[in-house]
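Note sheet for the following structure.
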Amino acid sequence: DATGKVTAIGAGTATITVTTADGGKTATCVVTVTAATVSVTGVSLDKTELSLTVGDTETITATVAPNNATNKKVTWSSNDPSIAKVDANGKVTAISPGTAIITVTTTDGSKTASCTVNVVKDNTVNNKPSIRPSKPKDELPSNTDECQKRFGEDYIYSDTYGACIIKYMVVDTSAR
């Protein structure tokens with residue numbers, strides 16, 4: 001302005017020139033304005049616990065706060081990649097039975113959040129051991145109608161051993 005006050009309007013570089021009233025002398029000053037940075041205050045995950053079967057994958061989503069943070073970059077790590085590994089996008093892969101902790105860390109401020117991943121063998125139903133009948137397969141009912149009649153909407157399917165698979169558990173149809 002006329003008094004020499006310089007006000008930043010946006011990021012960039014400007015050259016300010018002042019000239020004496022008689023026009024005989026000038027002076028210049030280069031002013032650089034940098035954009036304001038918004039620091040990260042935290043990070044959260046959409047899941048804090050996860051149960052997977054060996055070979056399964058699931059993606060965990062990180063949310064950096066505040067929404068307008070300048071640098072929202074994050075890195076992912078597993079405390080035990082032999083149990084569960086994680087890629088740069090938060091995709092978790094179950095490798096072997098056990099428990100691993102997946103951690104996301106912000107580049108700005110090193111804020112962290114974690115998810116406990118429990119990995120189970122593939123011979124489970126809803127993360128509970130499957131119940132298998134003691135009778136040989138050829139002595140068990142293979143008719144899915146019996147399972148449907150006994151369990152109605154809770155019935156899902158009959159497995160190769162003749163067990164009725166229902167929501168949340170496996171029931172041996174040979175036990176009468």
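For the structure tokens, the naming scheme is as follows: chains receive sequential letters (A, B, ...) according to their order of presentation, residues are indexed from 1 within each chain, and ligands are indexed from 1 in presentation order.
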> Do you know which residues are at most 12 Å from Val92 in chain A counting only C-alpha atoms, after dropping those on the same chain fewer than 2 positions away, and could you put them as a ChimeraX atom specification?
Replying inline: /A:47,50-61,76-78,80-90,94-95,100-104,115-119
>> Which residues are near Gly12 in chain A? Cut-off 10 Å, only C-alpha atoms, ignore same chain within fewer than 4 positions. Put them as a PyMOL selection string.
In response: chain A and resi 8+31-35
> Which residue, A:Ala62, A:Ala27, A:Val18, A:Ala11, has the smallest gap to Leu45 in chain A when you use only C-alpha atoms?
Replying inline: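 Closest residue, counting only C-alpha atoms: A:Ala62.
Minimum atom-to-atom distance to Asp46 in chain A, evaluated using only C-alpha atoms, belongs to A:Ser114 out of A:Ser114, A:Thr3, A:Thr26, A:Ala21.
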